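Shown next: final37.csv, given as CSV, C-alpha atoms and all ligand atoms.
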```
chain,number,residue,atom,x,y,z
Q,179,MET,CA,25.8,-10.1,13.3
Q,180,ASN,CA,25.4,-7.0,15.4
Q,181,PHE,CA,21.7,-7.2,16.5
Q,182,SER,CA,21.6,-3.9,18.4
Q,183,ARG,CA,22.8,-2.1,15.2
Q,184,LEU,CA,20.3,-4.0,13.2
Q,185,ILE,CA,17.5,-3.1,15.5
Q,186,LYS,CA,18.6,0.6,15.4
Q,187,ASN,CA,18.8,0.4,11.6
Q,188,CYS,CA,15.3,-1.1,11.5
Q,189,SER,CA,13.8,1.5,13.8
Q,190,ILE,CA,11.2,2.5,11.4
Q,191,PRO,CA,9.5,5.7,12.4
Q,192,SER,CA,11.8,8.3,13.9
Q,193,ARG,CA,14.9,7.9,11.8
Q,194,TRP,CA,12.9,8.2,8.5
Q,195,LEU,CA,10.5,10.8,9.6
Q,196,LEU,CA,13.2,13.1,11.1
Q,197,ALA,CA,15.2,12.7,7.9
Q,198,ASN,CA,12.4,14.5,6.1
Q,199,ASN,CA,11.3,16.8,8.8
Q,200,ILE,CA,7.8,15.5,8.9
Q,201,ARG,CA,6.0,14.3,11.9
Q,202,TYR,CA,2.8,12.4,12.4
Q,203,GLN,CA,-0.1,14.5,13.5
Q,204,SER,CA,-3.6,13.0,13.0
Q,205,SER,CA,-5.1,15.0,10.2
Q,206,SER,CA,-8.6,13.8,10.2
Q,207,ALA,CA,-9.8,12.2,13.4
Q,208,ALA,CA,-13.3,13.5,12.6
Q,209,GLN,CA,-13.3,12.0,9.2
Q,210,ASN,CA,-12.3,8.5,10.5
Q,211,LEU,CA,-10.4,7.6,7.4
Q,212,ILE,CA,-9.0,4.4,8.9
Q,213,GLN,CA,-10.9,2.2,11.3
Q,214,VAL,CA,-9.0,-0.1,13.7
Q,215,ASP,CA,-10.4,-3.0,15.6
Q,216,ILE,CA,-8.1,-5.0,17.9
Q,217,ASN,CA,-9.3,-8.3,19.1
Q,218,GLU,CA,-8.1,-8.5,22.7
Q,219,GLU,CA,-8.4,-12.3,22.8
Q,220,THR,CA,-6.4,-13.1,19.6
Q,221,GLY,CA,-4.2,-10.0,19.5
Q,222,VAL,CA,-5.1,-9.5,15.8
Q,223,SER,CA,-5.9,-6.1,14.5
Q,224,VAL,CA,-8.3,-5.4,11.6
Q,225,VAL,CA,-7.5,-2.1,9.9
Q,226,SER,CA,-10.1,-0.9,7.5
Q,227,LEU,CA,-9.5,1.8,4.9
Q,228,ASN,CA,-12.6,4.0,5.1
Q,229,ARG,CA,-12.4,6.9,2.6
Q,230,LYS,CA,-15.8,6.7,0.8
Q,231,PRO,CA,-16.7,6.0,-1.9
Q,232,VAL,CA,-13.6,4.2,-3.3
Q,233,ASN,CA,-10.7,4.6,-0.8
Q,234,SER,CA,-8.7,6.8,-3.2
Q,235,LEU,CA,-5.5,7.5,-1.4
Q,236,SER,CA,-5.0,11.1,-0.3
Q,237,LEU,CA,-2.4,12.9,1.8
Q,238,GLU,CA,-4.7,12.8,4.9
Q,239,LEU,CA,-5.3,9.0,4.5
Q,240,PHE,CA,-1.6,8.3,4.3
Q,241,LYS,CA,-0.9,10.4,7.4
Q,242,ASP,CA,-3.6,8.6,9.3
Q,243,PHE,CA,-2.3,5.2,8.1
Q,244,CYS,CA,1.2,6.0,9.4
Q,245,GLY,CA,-0.3,6.9,12.7
Q,246,VAL,CA,-2.2,3.7,12.9
Q,247,MET,CA,0.9,1.7,12.0
Q,248,ASP,CA,2.9,3.4,14.8
Q,249,ASP,CA,0.1,2.6,17.3
Q,250,LEU,CA,0.1,-1.1,16.2
Q,251,GLU,CA,3.8,-1.3,16.6
Q,252,ARG,CA,3.5,0.2,20.2
Q,253,GLU,CA,0.6,-2.2,21.0
Q,254,LYS,CA,2.8,-5.2,19.8
Q,255,VAL,CA,-0.2,-6.7,17.9
Q,256,ARG,CA,0.1,-10.4,16.9
Q,257,GLY,CA,-0.9,-9.6,13.3
Q,258,MET,CA,-2.8,-7.1,11.1
Q,259,VAL,CA,-5.5,-7.7,8.5
Q,260,LEU,CA,-5.8,-4.8,6.1
Q,261,LYS,CA,-9.2,-4.5,4.3
Q,262,SER,CA,-11.7,-1.9,3.0
Q,263,SER,CA,-14.9,-0.7,4.4
Q,264,CYS,CA,-16.1,0.5,1.0
Q,265,ASP,CA,-18.4,-1.6,-1.0
Q,266,ASN,CA,-16.7,-3.5,-3.9
Q,267,VAL,CA,-13.4,-1.5,-3.7
Q,268,PHE,CA,-10.3,-2.3,-1.7
Q,269,SER,CA,-8.7,0.9,-2.9
Q,270,SER,CA,-8.9,2.7,-6.2
Q,271,GLY,CA,-5.3,3.8,-5.9
Q,272,LEU,CA,-3.8,7.3,-5.6
Q,273,ASP,CA,-6.4,10.0,-5.4
Q,274,ILE,CA,-6.2,11.4,-8.9
Q,275,THR,CA,-7.1,14.9,-7.6
Q,276,GLU,CA,-3.7,14.8,-5.9
Q,277,LEU,CA,-2.0,14.4,-9.3
Q,278,TYR,CA,-4.3,16.5,-11.6
Q,279,PRO,CA,-4.7,19.3,-12.5
Q,280,ASN,CA,-1.2,20.5,-11.9
Q,281,PRO,CA,-0.8,20.0,-8.1
Q,282,SER,CA,1.1,22.6,-6.1
Q,283,GLU,CA,4.7,21.6,-5.4
Q,284,GLU,CA,4.3,21.9,-1.6
Q,285,ARG,CA,1.2,19.7,-1.4
Q,286,PHE,CA,2.5,17.1,-3.9
Q,287,GLU,CA,5.8,16.8,-2.0
Q,288,ALA,CA,4.0,16.2,1.3
Q,289,PHE,CA,1.6,13.7,-0.4
Q,290,TRP,CA,4.5,11.7,-2.0
Q,291,LEU,CA,6.6,11.7,1.2
Q,292,TRP,CA,3.6,10.3,3.2
Q,293,PHE,CA,2.9,7.7,0.5
Q,294,GLN,CA,6.6,6.6,0.8
Q,295,GLU,CA,6.3,6.6,4.6
Q,296,SER,CA,3.1,4.5,4.5
Q,297,TRP,CA,4.9,1.9,2.3
Q,298,LEU,CA,8.0,1.9,4.5
Q,299,LYS,CA,5.9,1.3,7.6
Q,300,LEU,CA,3.8,-1.4,6.0
Q,301,TYR,CA,6.7,-3.2,4.2
Q,302,ALA,CA,8.9,-3.2,7.3
Q,303,SER,CA,6.3,-3.8,10.0
Q,304,SER,CA,7.5,-6.0,12.8
Q,305,PHE,CA,4.2,-7.9,12.9
Q,306,PRO,CA,2.8,-10.2,10.2
Q,307,THR,CA,0.5,-8.5,7.7
Q,308,VAL,CA,-2.4,-9.9,5.6
Q,309,ALA,CA,-4.2,-8.0,2.9
Q,310,PHE,CA,-7.9,-9.0,2.6
Q,311,VAL,CA,-8.6,-7.7,-0.9
Q,312,ASN,CA,-12.3,-7.4,-0.5
Q,313,GLY,CA,-12.9,-5.3,-3.7
Q,314,HIS,CA,-11.0,-3.9,-6.7
Q,315,ALA,CA,-7.4,-3.1,-6.1
Q,316,PRO,CA,-5.9,-1.2,-9.0
Q,317,ALA,CA,-2.6,0.7,-8.9
Q,318,GLY,CA,-1.9,2.2,-5.5
Q,319,GLY,CA,-4.5,-0.3,-4.1
Q,320,CYS,CA,-2.4,-3.1,-5.4
Q,321,VAL,CA,0.7,-1.5,-3.9
Q,322,PHE,CA,-0.9,-1.8,-0.5
Q,323,ALA,CA,-1.8,-5.4,-1.1
Q,324,ILE,CA,1.7,-6.5,-2.3
Q,325,SER,CA,3.4,-4.8,0.6
Q,326,CYS,CA,1.6,-7.2,3.0
Q,327,GLU,CA,3.0,-10.6,3.6
Q,328,TYR,CA,0.0,-12.6,2.6
Q,329,ARG,CA,-3.0,-11.9,0.3
Q,330,LEU,CA,-6.5,-13.2,0.4
Q,331,MET,CA,-9.1,-12.0,-2.2
Q,332,LEU,CA,-12.8,-12.3,-2.8
Q,333,PRO,CA,-13.9,-13.6,-6.3
Q,334,TYR,CA,-14.7,-11.5,-9.3
Q,335,TYR,CA,-12.6,-8.4,-8.5
Q,336,LYS,CA,-9.7,-6.9,-10.3
Q,337,ILE,CA,-6.1,-6.3,-9.1
Q,338,GLY,CA,-3.0,-5.0,-10.8
Q,339,LEU,CA,-0.6,-2.2,-11.5
Q,340,ASN,CA,-2.3,-0.2,-14.2
Q,341,GLU,CA,0.1,2.9,-13.9
Q,342,ALA,CA,1.4,2.7,-17.5
Q,343,PRO,CA,-2.0,3.1,-19.2
Q,344,VAL,CA,-2.7,6.0,-16.8
Q,345,GLY,CA,0.5,7.7,-18.0
Q,346,ILE,CA,2.5,7.0,-14.8
Q,347,VAL,CA,5.7,5.0,-14.6
Q,348,ALA,CA,5.8,2.9,-11.4
Q,349,THR,CA,8.7,3.8,-9.2
Q,350,GLU,CA,11.5,1.4,-8.4
Q,351,TRP,CA,10.3,0.6,-4.8
Q,352,VAL,CA,6.9,-0.3,-6.2
Q,353,MET,CA,8.5,-2.6,-8.8
Q,354,ASN,CA,10.6,-4.2,-6.1
Q,355,SER,CA,7.6,-4.9,-4.0
Q,356,LEU,CA,6.0,-6.7,-7.0
Q,357,ARG,CA,9.2,-8.6,-7.7
Q,358,ALA,CA,9.2,-9.9,-4.2
Q,359,VAL,CA,5.7,-11.5,-4.8
Q,360,LEU,CA,6.0,-12.6,-8.4
Q,361,PRO,CA,8.7,-14.2,-10.4
Q,362,GLY,CA,10.5,-11.7,-12.7
Q,363,LYS,CA,8.9,-12.3,-16.1
Q,364,ASN,CA,5.3,-12.2,-14.8
Q,365,ALA,CA,6.1,-9.0,-12.8
Q,366,GLU,CA,7.5,-7.3,-15.8
Q,367,ARG,CA,4.5,-8.2,-18.0
Q,368,LEU,CA,2.0,-7.1,-15.4
Q,369,LEU,CA,3.8,-3.7,-15.2
Q,370,THR,CA,4.4,-3.1,-18.8
Q,371,SER,CA,0.9,-4.1,-19.9
Q,372,GLY,CA,-0.8,-2.4,-17.0
Q,373,ARG,CA,-3.3,-5.2,-17.2
Q,374,LEU,CA,-5.7,-5.7,-14.3
Q,375,LEU,CA,-6.2,-9.4,-13.4
Q,376,ASP,CA,-9.4,-10.9,-12.1
Q,377,THR,CA,-9.2,-12.9,-8.9
Q,378,GLN,CA,-8.7,-16.2,-10.5
Q,379,GLU,CA,-5.9,-15.0,-12.8
Q,380,ALA,CA,-4.2,-13.3,-9.9
Q,381,PHE,CA,-4.3,-16.6,-8.0
Q,382,ASP,CA,-3.1,-18.6,-11.0
Q,383,ILE,CA,0.1,-16.5,-11.3
Q,384,GLY,CA,0.7,-16.2,-7.6
Q,385,LEU,CA,-0.2,-12.5,-7.1
Q,386,ILE,CA,-2.6,-13.6,-4.4
Q,387,ASP,CA,-2.2,-16.5,-2.0
Q,388,GLN,CA,-5.8,-17.7,-1.5
Q,389,ILE,CA,-9.3,-17.0,-2.8
Q,390,VAL,CA,-11.9,-16.6,0.0
Q,391,ASN,CA,-15.6,-16.3,-0.3
Q,392,ASN,CA,-16.5,-14.1,2.5
Q,393,GLU,CA,-15.0,-12.1,5.4
Q,394,GLU,CA,-15.5,-14.9,7.9
Q,395,GLU,CA,-13.4,-17.2,5.8
Q,396,ALA,CA,-10.8,-14.4,5.3
Q,397,MET,CA,-10.4,-14.0,9.1
Q,398,ALA,CA,-10.1,-17.8,9.6
Q,399,ARG,CA,-7.4,-18.0,6.9
Q,400,SER,CA,-5.6,-15.0,8.4
Q,401,GLU,CA,-5.6,-16.6,11.8
Q,402,GLU,CA,-4.1,-19.7,10.3
Q,403,PHE,CA,-1.4,-17.6,8.7
Q,404,PHE,CA,-0.6,-15.8,12.0
Q,405,ALA,CA,-0.5,-19.1,13.9
Q,406,THR,CA,2.4,-20.2,11.7
Q,407,PHE,CA,4.5,-17.7,13.7
Q,408,ASP,CA,3.2,-18.5,17.1
Q,409,ASN,CA,6.3,-20.6,18.0
Q,410,VAL,CA,8.8,-18.1,16.5
Q,411,PRO,CA,10.3,-15.4,18.8
Q,412,LYS,CA,8.8,-12.1,17.7
Q,413,LEU,CA,12.1,-10.2,17.5
Q,414,ALA,CA,13.7,-13.0,15.4
Q,415,ARG,CA,10.7,-13.0,13.0
Q,416,ALA,CA,10.7,-9.2,12.7
Q,417,LEU,CA,14.4,-8.9,12.1
Q,418,THR,CA,14.4,-11.8,9.6
Q,419,LYS,CA,11.6,-10.0,7.6
Q,420,GLN,CA,13.4,-6.7,7.8
Q,421,VAL,CA,16.8,-8.0,6.8
Q,422,TYR,CA,15.2,-10.0,4.0
Q,423,ARG,CA,13.5,-6.8,2.7
Q,424,LYS,CA,16.4,-4.6,3.5
Q,425,ASN,CA,17.6,-4.0,-0.1
Q,426,ASP,CA,14.1,-2.9,-1.2
Q,427,LEU,CA,13.8,-0.7,1.9
Q,428,ASN,CA,17.2,0.9,1.4
Q,429,GLN,CA,16.6,1.6,-2.2
Q,430,LEU,CA,13.8,4.0,-1.1
Q,431,ILE,CA,15.4,5.3,2.1
Q,432,LYS,CA,18.5,6.5,0.2
Q,433,ASN,CA,16.5,8.2,-2.5
Q,434,ARG,CA,13.4,9.6,-0.9
Q,435,SER,CA,13.7,13.2,-2.0
Q,436,SER,CA,14.9,12.4,-5.5
Q,437,ASP,CA,12.1,9.9,-5.9
Q,438,ALA,CA,9.6,12.7,-4.9
Q,439,LYS,CA,11.2,15.2,-7.3
Q,440,GLN,CA,11.3,12.7,-10.1
Q,441,PHE,CA,7.7,11.9,-9.7
Q,442,LEU,CA,6.6,15.5,-9.5
Q,443,ASN,CA,8.6,16.4,-12.7
Q,444,HIS,CA,6.9,13.4,-14.4
Q,445,ILE,CA,3.4,14.4,-13.2
Q,446,LEU,CA,3.8,18.0,-14.2
Q,447,ARG,CA,4.8,17.3,-17.7
Q,448,PRO,CA,2.1,18.6,-20.0
Q,449,GLU,CA,1.9,15.2,-21.8
Q,450,THR,CA,1.4,13.3,-18.5
Q,451,GLN,CA,-1.2,15.9,-17.3
Q,452,LYS,CA,-3.1,15.4,-20.6
Q,453,ILE,CA,-3.2,11.6,-20.3
Q,454,ILE,CA,-4.2,11.7,-16.6
Q,455,GLY,CA,-6.8,14.4,-17.5
Q,456,SER,CA,-8.5,12.3,-20.2
Q,457,TYR,CA,-8.3,9.2,-18.1
Q,458,PHE,CA,-10.1,11.0,-15.2
Q,459,LYS,CA,-12.7,12.4,-17.6
Q,460,SER,CA,-13.3,8.9,-18.9
Q,461,LEU,CA,-13.9,7.7,-15.4
Q,462,LYS,CA,-16.5,10.4,-14.8
Q,463,ASP,CA,-18.1,9.9,-18.3
Q,464,ARG,CA,-18.5,6.2,-17.7
Q,465,LYS,CA,-21.2,7.0,-15.2
Q,466,LYS,CA,-23.2,9.0,-17.7
Q,467,ASP,CA,-23.4,6.2,-20.3
C,1,LIG,C1,9.1,9.2,-13.0
C,1,LIG,C2,8.8,8.6,-11.7
C,1,LIG,C3,7.4,8.0,-11.7
C,1,LIG,C4,7.2,7.3,-10.3
C,1,LIG,C5,5.8,6.7,-10.2
C,1,LIG,C6,5.7,6.1,-8.9
C,1,LIG,C7,4.8,5.3,-8.4
C,1,LIG,C8,3.7,4.7,-8.9
C,1,LIG,C9,3.1,3.8,-7.9
C,1,LIG,C10,1.9,4.1,-7.4
C,1,LIG,C11,1.1,4.9,-8.4
C,1,LIG,C12,-0.1,4.8,-8.5
C,1,LIG,C13,-0.9,5.6,-9.4
C,1,LIG,C14,-2.3,5.6,-9.1
C,1,LIG,O1,-2.7,4.9,-8.2
C,1,LIG,S1,-3.3,6.5,-10.1
C,1,LIG,C15,-4.9,5.9,-9.7
C,1,LIG,C16,-5.2,4.7,-10.6
C,1,LIG,N1,-6.5,4.2,-10.3
C,1,LIG,C17,-7.3,3.7,-11.2
C,1,LIG,O2,-7.0,3.6,-12.3
C,1,LIG,C18,-8.7,3.3,-10.7
C,1,LIG,C19,-9.7,4.2,-11.2
C,1,LIG,N2,-11.0,3.9,-10.6
C,1,LIG,C20,-11.8,2.8,-11.1
C,1,LIG,O3,-11.4,2.1,-12.0
C,1,LIG,C21,-13.1,2.6,-10.5
C,1,LIG,O4,-13.5,3.8,-9.8
C,1,LIG,C22,-13.2,1.5,-9.5
C,1,LIG,C23,-12.1,1.5,-8.5
C,1,LIG,C24,-13.2,0.1,-10.3
C,1,LIG,C25,-14.6,1.5,-8.7
C,1,LIG,O5,-15.6,1.6,-9.7
C,1,LIG,P1,-17.1,2.0,-9.2
C,1,LIG,O6,-17.4,1.3,-7.9
C,1,LIG,O7,-18.0,1.9,-10.4
C,1,LIG,O8,-16.9,3.6,-8.7
C,1,LIG,P2,-16.8,4.8,-9.7
C,1,LIG,O9,-15.9,4.6,-10.8
C,1,LIG,O10,-18.2,5.3,-10.0
C,1,LIG,O11,-16.1,5.8,-8.7
C,1,LIG,C26,-16.8,6.6,-7.7
C,1,LIG,C27,-16.2,8.0,-7.7
C,1,LIG,O12,-14.8,8.0,-7.3
C,1,LIG,C28,-14.0,8.6,-8.4
C,1,LIG,N3,-12.7,7.9,-8.4
C,1,LIG,C29,-12.5,6.6,-8.7
C,1,LIG,N4,-11.2,6.3,-8.6
C,1,LIG,C30,-10.6,7.5,-8.2
C,1,LIG,C31,-9.2,7.8,-7.9
C,1,LIG,N5,-8.2,7.0,-8.0
C,1,LIG,N6,-9.0,9.1,-7.6
C,1,LIG,C32,-10.0,10.0,-7.5
C,1,LIG,N7,-11.3,9.7,-7.8
C,1,LIG,C33,-11.6,8.5,-8.1
C,1,LIG,C34,-14.9,8.4,-9.6
C,1,LIG,O13,-14.5,9.3,-10.6
C,1,LIG,C35,-16.2,8.6,-9.1
C,1,LIG,O14,-16.4,10.0,-8.9
C,1,LIG,P3,-17.8,10.8,-9.2
C,1,LIG,O15,-18.8,10.1,-8.3
C,1,LIG,O16,-17.6,12.2,-9.0
C,1,LIG,O17,-18.1,10.5,-10.7
```
Mind turning the file's structure into C-alpha cells?
Ligand SMILES: CCCCC/C=C\CCC/C=C/CC(=O)SCCNC(=O)CCNC(=O)[C@H](O)C(C)(C)COP(=O)(O)OP(=O)(O)OC[C@H]1O[C@@H](n2cnc3c(N)ncnc32)[C@H](O)[C@@H]1OP(=O)(O)O
Amino acid sequence: MNFSRLIKNCSIPSRWLLANNIRYQSSSAAQNLIQVDINEETGVSVVSLNRKPVNSLSLELFKDFCGVMDDLEREKVRGMVLKSSCDNVFSSGLDITELYPNPSEERFEAFWLWFQESWLKLYASSFPTVAFVNGHAPAGGCVFAISCEYRLMLPYYKIGLNEAPVGIVATEWVMNSLRAVLPGKNAERLLTSGRLLDTQEAFDIGLIDQIVNNEEEAMARSEEFFATFDNVPKLARALTKQVYRKNDLNQLIKNRSSDAKQFLNHILRPETQKIIGSYFKSLKDRKKD
C-alpha cells in the first residue's frame, strides 16, 4: 500500500476546502460558540458546544467547529471529548431558522457546505473522538454523536434521527454514519420511523456505548477509551480509521455540490416549507401550553 499517497488522500482540510473555494475564518470569536479545554497532562481536549439555549447548529457554529478541529489536528491531541455546555441539550440539531422560511440560496449553500465540512473533519479526524451526550440529541445533534468513535450518554435524555417527521430526508452520508454504528435493520427502522430513543433504549440497540451518571464518570470512561490506543502508533491508528471510513467519506467528497443542491431543492419545496413551518410553530406553541 502506498502510504504517502494515502496520507495525501487523507489530508482533510486543504484539499476539501479548496475544492469548494471556502476557507476557515473564525466567524464569531466574541460569541464563543465553541469552548475548548486541553488538559496538558493527559493531552485530552474537551470541546463544548456553546450556542445557547439549545445548541442549534448554525453556519457560524459549523465554521467555528471546523476551525477548532483544525487546531486540534495541529496540536496533535491524544483524544477529544465532544459535549454541550447547554443545560439538558447536547444539540437540538440544525438551526431551523437556516431552513425556514425560504432561506436565500447563497446563505443556504454556505450553511450546507460548512455542515458537510464539519462532518468530514469529525468523521475522519486523526485523533480518537468520544461524544459525551449530556442532553437531548435529536437529528443533527445525533449526527455529531454518531460521527464520533465512542458514545457516552447521561440517563433520561433522547437521541435519534427524527428528520423524516420534520419533513427532511436524511442524506446518504448521514445514513452511512448511522449504518457504521448500528446493524442495518435497526438503522433503517430508526431513520424511517424518525423515533427518538431514550438513553436506555439507545444503549440496548447499541446506538450508544455506555450510560454514565455524571461528567466525572464520562471523563473517566473517555480516558479508558483513549488509553486503549496508547500502545498503537498514532499514524497507523489514524490511517486505519480513515481507510476504514473511506467509502463513507468518498461518497460525500465526490458529491458535495450535488448534495447541497439536492438539499436546497428539497428544502425550498412548498410542501417541505409547510411541514417545517408547522413543526417550528409547534415547538414555539409547546411553551405557551
Ligand atoms: C433531498 C436531500 C435531503 C438531504 C437531507 C440531509 C441531511 C439531514 C441530516 C441532518 C439533518 C438534520 C435536520 C435537523 O437537524 S432539523 C432540526 C431538528 N431538531 C429537532 O427536531 C429538535 C427540536 N427541538 C426540541 O425538540 C427541543 O427544543 C429540545 C432540543 C428537546 C429542547 O427542549 P427545551 O429544553 O424544552 O427547549 P425549547 O424547546 O424551549 O427550546 C428553546 C428555544 O430554542 C428553539 N429551538 C429548539 N430547537 C431548535 C432548532 N433546532 N432550531 C432553531 N430553534 C430551535 C425553541 O423554539 C425555543 O425558542 P423560543 O425560546 O423562541 O420559544
Checklist entry - Do you know which residues are within 6 Å of ligand LIG 1 (chain C) using all atoms listed in the file? Can you write them as a list in words? => result Pro231, Val232, Ser234, Val267, Ser270, Gly271, Leu272, Asp273, Ile274, Thr275, His314, Pro316, Ala317, Gly318, Glu341, Ile346, Val347, Ala348, Thr349, Val352, Gln440, Phe441, His444, Leu461 and Lys462 of chain Q
What's around Q:Gly313 at 8 Å? Count only C-alpha atoms, leave out sequence neighbours fewer than 2 positions away in its own chain, and write the answer as a compact mmCIF listing (two decimals) with C-alpha atoms, in the coordinates of the input.
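That gives us out_14.txt:
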```
# COMPACT_ATOMS: atom_id res chain seq x y z
CA SER Q 262 -11.70 -1.90 3.00
CA ASP Q 265 -18.40 -1.60 -1.00
CA ASN Q 266 -16.70 -3.50 -3.90
CA VAL Q 267 -13.40 -1.50 -3.70
CA PHE Q 268 -10.30 -2.30 -1.70
CA SER Q 269 -8.70 0.90 -2.90
CA VAL Q 311 -8.60 -7.70 -0.90
CA ALA Q 315 -7.40 -3.10 -6.10
CA MET Q 331 -9.10 -12.00 -2.20
CA LEU Q 332 -12.80 -12.30 -2.80
CA TYR Q 335 -12.60 -8.40 -8.50
CA LYS Q 336 -9.70 -6.90 -10.30
```
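Our summary of the geometry notes that atom CA of Q:Lys230 is positioned 10.8 Å from atom CA of Q:Ile212.
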Checklist entry - From the list Q:Tyr328, Q:Trp351, Q:Phe310, Q:Tyr422, which residue is nearest Q:Asn391 when using all atoms listed in the file? => result Q:Phe310
Checklist entry - Excluding same-chain residues fewer than 5 positions from stretch 215-223 of chain Q, what lies within 9 Å of it counting all atoms listed in the file, as a VMD selection string? => result chain Q and resid 250 254 to 260 401 404
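If all atoms listed in the file are the atoms counted, then among Q:Asp437, Q:Glu395, Q:Glu295, Q:Glu366 the closest residue to Q:Asp242 is Q:Glu295.
Minimum atom-to-atom distance to Q:Tyr301, evaluated using all atoms listed in the file, belongs to Q:Ala416 out of Q:Val410, Q:Leu385, Q:Ala416, Q:Leu369.
Of the residues under consideration (Q:Gly345, Q:Ile431, Q:Asp408, Q:Leu442), Q:Gly345 shows the shortest atom-to-atom contact distance to Q:Ile454 when counting only C-alpha atoms.
Between atom CA of Q:Arg434 and atom CA of Q:Val344 lies a distance of 22.9 Å.
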Checklist entry - So what do you get for atom CA of Q:Gln294 versus atom CA of Q:Val321, distance-wise? => result 11.1 Å
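Proximity to Q:Glu393 at 9 Å, evaluated using all atoms listed in the file and with sequence-adjacent residues fewer than 3 positions away removed, yields Phe310, Asn312, Leu332, Val390, Ala396, Met397 and Ala398 of chain Q.
Take the candidates Q:Leu446, Q:Leu239, Q:Ala288, Q:Ile386 and check each one against Q:Cys320 using only C-alpha atoms; the shortest distance goes to Q:Ile386.
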Checklist outcome for this item: Using all atoms listed in the file, the residue out of Q:Ser456, Q:Thr450, Q:Ser303, Q:Asn433 with shortest distance to Q:Asp248 is Q:Ser303
